[in-house]
Structures are given as C-alpha cells and as structure tokens.
Amino acid sequence: MKAVAMPTVSRVAVCGGTHGNELAGIYLVREMLKKRADGTEPVSVVTVMSNPRAAQLCVRYVETDLNRCFTRAALSAPVSETSPYEMVRSQELNALLGPKASMQAVDLLCDLHNTTANTGLCLITYSDRDWICLHICKHLEMASTPVRYVHFDIPLNEAYSLDSVGKHGFAMEIGPQPHGVVRSVIFSAMQEGVQLMMDWICQFNSGTLFEGGWVDVYTMVKNIDYPRDSETHVITAAVHPDLQDRDFCLLHPGDPMFLCFSGETLRYRGKEALYPFFINEGAYYEKGVALSLARKRRVQIPSVHIY
C-alpha cells in the first residue's frame, strides 16, 4: 500500500468517568489533572471528567447512560430543566470537544472505560479504516502490550458513544475489574496504554514514518441475550462455566453457552464460529446483553506520516 500523508494530531482529549463507577479511568484522569501544562508540551491534551455527578456518587449514570447520548439526534435535541442530566452533559461535552464531525473537533478522543468481563485491553471504535487508531493499536502491540481492536460497524451519525465526537477516537476498555473498585493491575495497564498512545502521537507529529502492516480487527456481529422466561422475562440461565472469562476465544457451533438454573446446558446454535466478548458484563444485564459476538479478520494498514 502507498504511504498516506496525514495532518498532525495536535489536540487530544483523554476522558474518564463517562461511567461513574468505572474507577481506573476516573483515578487516572484525576492524576492527569494534577499535572498542569506549562506550554512546552508538543501536544495539547484536554483531560475531562465526563460525568462528574455519577463519579461523585460512584454509579454508572445518574439518569440515563451518558455513553449512549452522542448520536446526531441526541446532540441536536432541545434540552430544558427537565432533561436528563446526561443529555445536557453530552451537549456540553460536544461543545467542549467537538462539535462532532466538524473541523473544530479534537483530533483524537480517548475515552477510558472498565468492564467486568475478561477482555484485557481493547480499543473500541467505529472505523476499520482509521489509520491513526489502527497505528496506535499496532504501536501498543509492538510494545508487548496485548491489545485487541474492536470495530462497531455503525454510521457516524448513529454512533452513540463519547469517542465518536473526535476526528479520530476510541474507547480504551480494560477488564476484568468490578464496578466501584479499582485494581492496581488494571490501573497500571490503562496508564501504560495512555502513555504509549501519547508516545506514538509525539513521534508521529515529529515526522516519524510509521511502517504499515497488519492488525487483527474484531467486527461486532450481534449481541446475545440471556435465556428468559416467556411471561416474566426474568433470566433463566447464567453464562456456562466453559464460556465464562473466555473473551475472544473462538466459540464454535455446539459449544456450551448457558447453564440453566434447572441444570440444562444450552449450546451455541450459530452457523459459524465467532469470537465472544463482554461475556457476562455486569452493566449489560439492564441492556439485555449476555455477550457480544465478533468476526475476526486481518486488516492491512498503510505507512503513515505527517504532511
């Protein structure tokens, strides 16, 4: 592939606390806010506590999930004194870091998240052709940091999460970590991931040519709900022990998926082997998601350099 010339990544946003009980990002942002810029940094970094009310209460959200409030429709909806706090906050963040899909938006937005699922470090984004995000992922891999690139194939106007506000953006998701808890190993992995991201940006902006290569991309195919009672809609099974904690391990047709409370094993009935992730994520019970399934493929990325 021909090398691609791109503009510098001069404005970066690092956000934590979009979900107020995902503590690694909250404490990392607090640490970053202690360090005042002296004007000599090669990159302008905006550090934001996305949902301060939820972070103060140590809850995922106050009235509605902030990380579902960044569609074009939500950002353009009228707000009033009776609007949910997170709807108002999403428009404040869009004004600060965007506007979404505009030339004024930050060049790169990294939104920090934790999951109760055993995902390790993931970069979650809406594009499988964003050379900046893919090269950052490759840079993390070369630094011996295990990382997976997860792609949600959703049009930009329907993209619902905070990271979609930037010209380039991703959620840096790391697990497992219980909600309302900070684990040192998860905090350290997030801190290292952010530092490696910043190192890549500084090298790129200084004129370094980053060679192309290949990145494994996991494109989300569908969500799977828990088995439920047909009348009460209460779940009737838990994730099978053979599947629990096996995020990104290939799930074949016929493999155990759920263990019913009655003792029966329910098996995966799909026609193709796929990669499960967000297995038994605690926050997704309310969303009707027991796990997500992805298809993996290798994506070739070009060499990149600044204009």
# chains A, B, ... in the order shown; residues from 1 in each chain; ligands from 1
$ residues_around --residues "Glu264 in chain A" --least-positions-apart "3" --cutoff "12 Å" --atoms "only C-alpha atoms" --output "ChimeraX atom specification"
/A:227,236-240,256-261,267
$ write_last_selection --atoms "C-alpha atoms" --output "PDB file, in the first residue's frame"
ATOM      1  CA  PRO A 227     -32.471 -17.002  28.159  1.00  0.00           C
ATOM      2  CA  THR A 236     -33.451 -18.392  33.481  1.00  0.00           C
ATOM      3  CA  ALA A 237     -29.768 -19.196  32.958  1.00  0.00           C
ATOM      4  CA  ALA A 238     -26.241 -17.930  33.605  1.00  0.00           C
ATOM      5  CA  VAL A 239     -23.242 -17.970  31.288  1.00  0.00           C
ATOM      6  CA  HIS A 240     -21.875 -21.525  31.116  1.00  0.00           C
ATOM      7  CA  PRO A 256     -21.858 -24.680  25.732  1.00  0.00           C
ATOM      8  CA  MET A 257     -23.188 -21.140  26.103  1.00  0.00           C
ATOM      9  CA  PHE A 258     -25.601 -21.054  29.054  1.00  0.00           C
ATOM     10  CA  LEU A 259     -26.266 -23.200  32.106  1.00  0.00           C
ATOM     11  CA  CYS A 260     -29.955 -23.048  33.019  1.00  0.00           C
ATOM     12  CA  PHE A 261     -30.889 -22.718  36.661  1.00  0.00           C
ATOM     13  CA  ARG A 267     -25.418 -24.614  23.332  1.00  0.00           C
TER      14      ARG A 267
END
$ select_by_dssp --residues "range 20-243 of chain A" --states "helix (DSSP H, G or I)" --output "VMD selection string"
chain A and resid 23 to 34 52 to 57 66 to 68 72 to 76 85 to 97 131 to 142 156 to 158 162 to 165 184 to 205
$ residues_around --residues "Met87 in chain A" --least-positions-apart "6" --cutoff "9 Å" --atoms "only C-alpha atoms" --output "short mmCIF file (atom, residue, chain, number, x, y, z; two decimals) with N, CA, C and O atoms, in the first residue's frame"
data_model
loop_
_atom_site.label_atom_id
_atom_site.label_comp_id
_atom_site.auth_asym_id
_atom_site.auth_seq_id
_atom_site.Cartn_x
_atom_site.Cartn_y
_atom_site.Cartn_z
N GLU A 63 -29.15 9.54 35.52
CA GLU A 63 -30.50 9.38 34.97
C GLU A 63 -30.55 8.51 33.72
O GLU A 63 -31.50 7.77 33.51
N THR A 64 -29.54 8.61 32.87
CA THR A 64 -29.50 7.77 31.67
C THR A 64 -28.04 7.59 31.28
O THR A 64 -27.17 8.36 31.69
N ASP A 65 -27.75 6.56 30.49
CA ASP A 65 -26.38 6.21 30.15
C ASP A 65 -25.75 7.29 29.27
O ASP A 65 -26.14 7.45 28.11
N LEU A 66 -24.78 8.03 29.81
CA LEU A 66 -24.14 9.09 29.05
C LEU A 66 -23.52 8.56 27.77
O LEU A 66 -23.53 9.25 26.74
N CYS A 69 -25.51 8.85 24.48
CA CYS A 69 -26.13 10.17 24.24
C CYS A 69 -25.41 11.00 23.18
O CYS A 69 -25.62 12.21 23.12
N PHE A 70 -24.59 10.36 22.32
CA PHE A 70 -23.81 11.15 21.38
C PHE A 70 -24.16 10.88 19.92
O PHE A 70 -23.36 11.15 19.03
N ALA A 74 -29.40 12.92 19.35
CA ALA A 74 -29.34 13.29 20.77
C ALA A 74 -28.63 14.62 20.96
O ALA A 74 -29.04 15.45 21.79
N LEU A 75 -27.58 14.85 20.19
CA LEU A 75 -26.81 16.08 20.35
C LEU A 75 -27.54 17.31 19.84
O LEU A 75 -27.23 18.43 20.24
N ALA A 77 -30.96 17.51 19.99
CA ALA A 77 -32.28 17.58 20.64
C ALA A 77 -32.34 18.78 21.59
O ALA A 77 -31.36 19.11 22.26
N VAL A 79 -32.97 20.81 24.93
CA VAL A 79 -32.90 20.43 26.34
C VAL A 79 -33.56 21.51 27.18
O VAL A 79 -33.64 22.67 26.78
#
$ closest_residue --among "A:Gln300, A:Ser102, A:Ser10, A:Ser44" --to "Asp130 in chain A" --atoms "only C-alpha atoms"
A:Gln300
$ select_by_dssp --residues "range 133-267 of chain A" --states "strand (DSSP E)" --output "PyMOL selection string"
chain A and resi 147-151+168-175+213-224+237-239+256-260+265-267
$ write_last_selection --atoms "N, CA and C atoms" --output "mmCIF file, in the first residue's frame"
data_model
loop_
_atom_site.group_PDB
_atom_site.id
_atom_site.type_symbol
_atom_site.label_atom_id
_atom_site.label_comp_id
_atom_site.auth_asym_id
_atom_site.auth_seq_id
_atom_site.Cartn_x
_atom_site.Cartn_y
_atom_site.Cartn_z
ATOM 1 N N VAL A 147 -3.364 -6.298 23.048
ATOM 2 C CA VAL A 147 -4.460 -5.375 22.772
ATOM 3 C C VAL A 147 -5.287 -5.930 21.624
ATOM 4 N N ARG A 148 -6.588 -5.675 21.672
ATOM 5 C CA ARG A 148 -7.488 -6.093 20.585
ATOM 6 C C ARG A 148 -8.225 -4.860 20.071
ATOM 7 N N TYR A 149 -8.399 -4.826 18.756
ATOM 8 C CA TYR A 149 -9.071 -3.719 18.086
ATOM 9 C C TYR A 149 -10.489 -4.178 17.754
ATOM 10 N N VAL A 150 -11.468 -3.556 18.389
ATOM 11 C CA VAL A 150 -12.871 -3.952 18.236
ATOM 12 C C VAL A 150 -13.591 -2.892 17.422
ATOM 13 N N HIS A 151 -14.295 -3.327 16.392
ATOM 14 C CA HIS A 151 -14.938 -2.428 15.434
ATOM 15 C C HIS A 151 -16.444 -2.592 15.515
ATOM 16 N N HIS A 168 -10.746 11.494 15.223
ATOM 17 C CA HIS A 168 -10.391 10.099 15.446
ATOM 18 C C HIS A 168 -10.736 9.810 16.896
ATOM 19 N N GLY A 169 -11.085 8.576 17.195
ATOM 20 C CA GLY A 169 -11.420 8.303 18.583
ATOM 21 C C GLY A 169 -11.629 6.838 18.855
ATOM 22 N N PHE A 170 -11.434 6.473 20.107
ATOM 23 C CA PHE A 170 -11.721 5.103 20.535
ATOM 24 C C PHE A 170 -11.967 5.099 22.041
ATOM 25 N N ALA A 171 -12.675 4.075 22.474
ATOM 26 C CA ALA A 171 -12.764 3.778 23.897
ATOM 27 C C ALA A 171 -11.631 2.831 24.224
ATOM 28 N N MET A 172 -10.866 3.167 25.245
ATOM 29 C CA MET A 172 -9.857 2.235 25.755
ATOM 30 C C MET A 172 -10.509 1.470 26.893
ATOM 31 N N GLU A 173 -10.854 0.233 26.630
ATOM 32 C CA GLU A 173 -11.630 -0.596 27.556
ATOM 33 C C GLU A 173 -10.724 -1.672 28.134
ATOM 34 N N ILE A 174 -10.694 -1.795 29.460
ATOM 35 C CA ILE A 174 -9.820 -2.771 30.102
ATOM 36 C C ILE A 174 -10.592 -3.519 31.184
ATOM 37 N N GLY A 175 -10.422 -4.834 31.209
ATOM 38 C CA GLY A 175 -11.058 -5.655 32.217
ATOM 39 C C GLY A 175 -10.272 -6.941 32.440
ATOM 40 N N GLY A 213 1.456 -2.420 7.940
ATOM 41 C CA GLY A 213 1.462 -3.806 8.408
ATOM 42 C C GLY A 213 0.046 -4.339 8.490
ATOM 43 N N TRP A 214 -0.174 -5.178 9.459
ATOM 44 C CA TRP A 214 -1.468 -5.851 9.613
ATOM 45 C C TRP A 214 -1.944 -5.736 11.054
ATOM 46 N N VAL A 215 -3.245 -5.566 11.207
ATOM 47 C CA VAL A 215 -3.875 -5.546 12.531
ATOM 48 C C VAL A 215 -5.095 -6.452 12.486
ATOM 49 N N ASP A 216 -5.241 -7.297 13.493
ATOM 50 C CA ASP A 216 -6.456 -8.108 13.615
ATOM 51 C C ASP A 216 -7.591 -7.217 14.105
ATOM 52 N N VAL A 217 -8.699 -7.242 13.382
ATOM 53 C CA VAL A 217 -9.864 -6.417 13.718
ATOM 54 C C VAL A 217 -11.037 -7.344 14.032
ATOM 55 N N TYR A 218 -11.665 -7.115 15.176
ATOM 56 C CA TYR A 218 -12.843 -7.875 15.589
ATOM 57 C C TYR A 218 -14.068 -7.003 15.330
ATOM 58 N N THR A 219 -14.841 -7.357 14.315
ATOM 59 C CA THR A 219 -16.041 -6.589 13.980
ATOM 60 C C THR A 219 -17.253 -7.226 14.651
ATOM 61 N N MET A 220 -17.944 -6.426 15.465
ATOM 62 C CA MET A 220 -19.104 -6.942 16.180
ATOM 63 C C MET A 220 -20.197 -7.364 15.212
ATOM 64 N N VAL A 221 -20.733 -8.572 15.408
ATOM 65 C CA VAL A 221 -21.774 -9.129 14.543
ATOM 66 C C VAL A 221 -23.145 -9.012 15.192
ATOM 67 N N LYS A 222 -23.243 -9.396 16.457
ATOM 68 C CA LYS A 222 -24.541 -9.347 17.138
ATOM 69 C C LYS A 222 -24.348 -9.505 18.636
ATOM 70 N N ASN A 223 -25.400 -9.133 19.372
ATOM 71 C CA ASN A 223 -25.469 -9.354 20.812
ATOM 72 C C ASN A 223 -26.363 -10.552 21.095
ATOM 73 N N ILE A 224 -26.053 -11.265 22.167
ATOM 74 C CA ILE A 224 -26.848 -12.406 22.613
ATOM 75 C C ILE A 224 -27.399 -12.098 23.996
ATOM 76 N N ALA A 237 -31.050 -18.505 33.083
ATOM 77 C CA ALA A 237 -29.768 -19.196 32.958
ATOM 78 C C ALA A 237 -28.635 -18.202 33.167
ATOM 79 N N ALA A 238 -27.468 -18.720 33.495
ATOM 80 C CA ALA A 238 -26.241 -17.930 33.605
ATOM 81 C C ALA A 238 -25.276 -18.373 32.506
ATOM 82 N N VAL A 239 -24.267 -17.575 32.249
ATOM 83 C CA VAL A 239 -23.242 -17.970 31.288
ATOM 84 C C VAL A 239 -22.606 -19.280 31.738
ATOM 85 N N PRO A 256 -20.968 -25.137 24.656
ATOM 86 C CA PRO A 256 -21.858 -24.680 25.732
ATOM 87 C C PRO A 256 -21.865 -23.156 25.825
ATOM 88 N N MET A 257 -23.063 -22.584 25.994
ATOM 89 C CA MET A 257 -23.188 -21.140 26.103
ATOM 90 C C MET A 257 -23.826 -20.729 27.426
ATOM 91 N N PHE A 258 -24.913 -21.387 27.806
ATOM 92 C CA PHE A 258 -25.601 -21.054 29.054
ATOM 93 C C PHE A 258 -25.845 -22.312 29.872
ATOM 94 N N LEU A 259 -25.861 -22.141 31.187
ATOM 95 C CA LEU A 259 -26.266 -23.200 32.106
ATOM 96 C C LEU A 259 -27.546 -22.747 32.781
ATOM 97 N N CYS A 260 -28.653 -23.416 32.451
ATOM 98 C CA CYS A 260 -29.955 -23.048 33.019
ATOM 99 C C CYS A 260 -29.966 -23.303 34.517
ATOM 100 N N THR A 265 -27.943 -27.549 29.927
ATOM 101 C CA THR A 265 -26.950 -26.788 29.180
ATOM 102 C C THR A 265 -27.523 -26.357 27.837
ATOM 103 N N LEU A 266 -27.433 -25.066 27.543
ATOM 104 C CA LEU A 266 -27.856 -24.552 26.240
ATOM 105 C C LEU A 266 -26.603 -24.253 25.432
ATOM 106 N N ARG A 267 -26.608 -24.702 24.166
ATOM 107 C CA ARG A 267 -25.418 -24.614 23.332
ATOM 108 C C ARG A 267 -25.571 -23.538 22.264
#
$ closest_atom_pairs --of "range 50-142 of chain A" --to "range 24-35 of chain A" --cutoff "7 Å" --atoms "only C-alpha atoms" --output "Markdown table"
| residue | atom | partner | partner_atom | distance |
| --- | --- | --- | --- | --- |
| A:Leu112 | CA | A:Gly25 | CA | 5.1 |
| A:His113 | CA | A:Gly25 | CA | 6.1 |
| A:Asn114 | CA | A:Ala24 | CA | 7.0 |
$ residues_around --residues "Ala55 in chain A" --least-positions-apart "2" --cutoff "6 Å" --atoms "only C-alpha atoms" --output "VMD selection string"
chain A and resid 17 20 52 to 53 57 to 58
$ write_last_selection --atoms "all heavy atoms" --output "mmCIF file, in the first residue's frame"
data_model
loop_
_atom_site.group_PDB
_atom_site.id
_atom_site.type_symbol
_atom_site.label_atom_id
_atom_site.label_comp_id
_atom_site.auth_asym_id
_atom_site.auth_seq_id
_atom_site.Cartn_x
_atom_site.Cartn_y
_atom_site.Cartn_z
ATOM 1 N N GLY A 17 -14.528 8.600 33.547
ATOM 2 C CA GLY A 17 -15.756 8.807 34.301
ATOM 3 C C GLY A 17 -16.985 8.972 33.451
ATOM 4 O O GLY A 17 -18.014 9.446 33.944
ATOM 5 N N GLY A 20 -19.619 6.455 35.874
ATOM 6 C CA GLY A 20 -19.093 6.939 37.140
ATOM 7 C C GLY A 20 -18.640 5.891 38.115
ATOM 8 O O GLY A 20 -18.100 6.225 39.177
ATOM 9 N N PRO A 52 -19.192 14.006 36.055
ATOM 10 C CA PRO A 52 -18.765 14.253 37.440
ATOM 11 C C PRO A 52 -19.805 13.878 38.478
ATOM 12 O O PRO A 52 -19.452 13.437 39.570
ATOM 13 C CB PRO A 52 -18.461 15.753 37.454
ATOM 14 C CG PRO A 52 -19.163 16.323 36.257
ATOM 15 C CD PRO A 52 -19.193 15.239 35.236
ATOM 16 N N ARG A 53 -21.086 14.036 38.162
ATOM 17 C CA ARG A 53 -22.114 13.682 39.157
ATOM 18 C C ARG A 53 -22.118 12.174 39.411
ATOM 19 O O ARG A 53 -22.182 11.730 40.564
ATOM 20 C CB ARG A 53 -23.497 14.136 38.676
ATOM 21 C CG ARG A 53 -23.697 15.639 38.680
ATOM 22 C CD ARG A 53 -25.160 15.990 38.404
ATOM 23 N NE ARG A 53 -25.349 17.424 38.252
ATOM 24 C CZ ARG A 53 -26.515 18.001 37.963
ATOM 25 N NH1 ARG A 53 -27.600 17.241 37.801
ATOM 26 N NH2 ARG A 53 -26.609 19.311 37.840
ATOM 27 N N LEU A 57 -21.029 10.002 42.900
ATOM 28 C CA LEU A 57 -21.919 9.031 43.531
ATOM 29 C C LEU A 57 -21.452 7.594 43.342
ATOM 30 O O LEU A 57 -22.032 6.670 43.934
ATOM 31 C CB LEU A 57 -23.334 9.173 42.940
ATOM 32 C CG LEU A 57 -24.039 10.503 43.217
ATOM 33 C CD1 LEU A 57 -25.312 10.605 42.384
ATOM 34 C CD2 LEU A 57 -24.342 10.655 44.705
ATOM 35 N N CYS A 58 -20.418 7.387 42.502
ATOM 36 C CA CYS A 58 -19.903 6.059 42.169
ATOM 37 C C CYS A 58 -21.007 5.161 41.604
ATOM 38 O O CYS A 58 -21.205 4.029 42.029
ATOM 39 C CB CYS A 58 -19.233 5.391 43.371
ATOM 40 S SG CYS A 58 -18.186 3.988 42.895
#
$ residues_around --residues "Cys15 in chain A" --least-positions-apart "2" --cutoff "9 Å" --atoms "only C-alpha atoms" --output "list in words"
Ala13, Gly17, Thr18, Gly25, Ile26, Val29, Val46, Thr47, Val48, Met49, Ser50, Leu109, Cys110, Asp111, Leu112, Leu162 and Asp163 of chain A
$ closest_residue --among "A:Ala189, A:Ile235, A:Ala73, A:Val12" --to "Ser144 in chain A" --atoms "only C-alpha atoms"
A:Ala189
$ atom_distance --atom1 "CA of Gly288 in chain A" --atom2 "CA of Ala117 in chain A"
15.4 Å
$ atom_distance --atom1 "CA of Ala294 in chain A" --atom2 "CA of Tyr275 in chain A"
4.9 Å
$ atom_distance --atom1 "CA of Glu192 in chain A" --atom2 "CA of Phe204 in chain A"
18.2 Å
$ residues_around --residues "Leu140 in chain A" --least-positions-apart "4" --cutoff "9 Å" --atoms "only C-alpha atoms" --output "PyMOL selection string"
chain A and resi 135-136+144-147+193+196-197+200
$ write_last_selection --atoms "N, CA and C atoms" --output "tab-separated table (two decimals), in the first residue's frame"
chain	number	residue	atom	x	y	z
A	135	HIS	N	-2.91	2.43	13.77
A	135	HIS	CA	-1.47	2.51	14.03
A	135	HIS	C	-1.19	2.60	15.52
A	136	ILE	N	-2.03	3.29	16.28
A	136	ILE	CA	-1.86	3.31	17.73
A	136	ILE	C	-2.00	1.91	18.29
A	144	SER	N	4.63	-4.87	23.28
A	144	SER	CA	4.33	-6.09	24.05
A	144	SER	C	3.13	-5.91	24.98
A	145	THR	N	2.26	-4.99	24.62
A	145	THR	CA	1.01	-4.84	25.36
A	145	THR	C	-0.09	-5.59	24.61
A	146	PRO	N	-0.61	-6.68	25.14
A	146	PRO	CA	-1.69	-7.39	24.43
A	146	PRO	C	-2.89	-6.46	24.26
A	147	VAL	N	-3.36	-6.30	23.05
A	147	VAL	CA	-4.46	-5.37	22.77
A	147	VAL	C	-5.29	-5.93	21.62
A	193	GLY	N	-1.19	2.17	28.64
A	193	GLY	CA	-1.83	2.32	27.34
A	193	GLY	C	-1.93	3.78	26.92
A	196	LEU	N	1.63	5.06	26.03
A	196	LEU	CA	2.07	4.57	24.72
A	196	LEU	C	1.33	5.30	23.60
A	197	MET	N	0.06	5.58	23.80
A	197	MET	CA	-0.70	6.38	22.82
A	197	MET	C	-0.05	7.75	22.64
A	200	TRP	N	3.25	7.55	20.76
A	200	TRP	CA	3.07	7.41	19.30
A	200	TRP	C	2.72	8.77	18.68
$ residues_around --residues "Leu251 in chain A" --least-positions-apart "4" --cutoff "8 Å" --atoms "only C-alpha atoms" --output "list in words"
Asp255, Tyr268, Ala273, Leu274, Tyr275 and Pro276 of chain A
$ write_last_selection --atoms "all heavy atoms" --output "CSV table (one decimal), in the first residue's frame"
chain,number,residue,atom,x,y,z
A,255,ASP,N,-20.9,-25.4,21.0
A,255,ASP,CA,-20.2,-25.2,22.3
A,255,ASP,C,-21.2,-24.8,23.4
A,255,ASP,O,-22.2,-24.1,23.1
A,255,ASP,CB,-19.1,-24.2,22.2
A,255,ASP,CG,-17.9,-24.7,21.4
A,255,ASP,OD1,-17.8,-25.9,21.2
A,255,ASP,OD2,-17.0,-23.8,21.1
A,268,TYR,N,-24.4,-23.1,21.8
A,268,TYR,CA,-24.4,-22.1,20.7
A,268,TYR,C,-24.9,-22.7,19.5
A,268,TYR,O,-24.4,-23.7,18.9
A,268,TYR,CB,-23.0,-21.6,20.6
A,268,TYR,CG,-22.8,-20.6,19.4
A,268,TYR,CD1,-23.6,-19.5,19.2
A,268,TYR,CD2,-21.7,-20.9,18.5
A,268,TYR,CE1,-23.4,-18.7,18.1
A,268,TYR,CE2,-21.5,-20.0,17.4
A,268,TYR,CZ,-22.3,-18.9,17.2
A,268,TYR,OH,-22.1,-18.1,16.2
A,273,ALA,N,-18.4,-20.1,13.5
A,273,ALA,CA,-17.6,-19.8,14.8
A,273,ALA,C,-17.3,-18.3,14.8
A,273,ALA,O,-16.9,-17.7,13.8
A,273,ALA,CB,-16.3,-20.6,14.8
A,274,LEU,N,-17.6,-17.8,16.0
A,274,LEU,CA,-17.3,-16.3,16.2
A,274,LEU,C,-16.6,-16.1,17.5
A,274,LEU,O,-16.5,-17.1,18.3
A,274,LEU,CB,-18.7,-15.6,16.2
A,274,LEU,CG,-19.4,-15.5,14.9
A,274,LEU,CD1,-20.8,-15.0,15.1
A,274,LEU,CD2,-18.7,-14.7,13.8
A,275,TYR,N,-16.2,-14.9,17.8
A,275,TYR,CA,-15.4,-14.6,18.9
A,275,TYR,C,-16.3,-13.8,20.0
A,275,TYR,O,-16.7,-12.7,19.7
A,275,TYR,CB,-14.2,-13.7,18.6
A,275,TYR,CG,-13.2,-14.4,17.8
A,275,TYR,CD1,-13.3,-14.6,16.4
A,275,TYR,CD2,-12.1,-15.0,18.4
A,275,TYR,CE1,-12.4,-15.2,15.6
A,275,TYR,CE2,-11.1,-15.7,17.7
A,275,TYR,CZ,-11.3,-15.8,16.3
A,275,TYR,OH,-10.3,-16.5,15.5
A,276,PRO,N,-16.5,-14.4,21.1
A,276,PRO,CA,-17.4,-13.7,22.1
A,276,PRO,C,-16.5,-12.7,22.9
A,276,PRO,O,-15.3,-12.9,23.1
A,276,PRO,CB,-17.8,-14.9,23.0
A,276,PRO,CG,-16.7,-15.9,22.9
A,276,PRO,CD,-16.1,-15.7,21.6
$ closest_residue --among "A:Arg295, A:Glu41, A:Asn21, A:Lys287" --to "Asp153 in chain A" --atoms "only C-alpha atoms"
A:Arg295
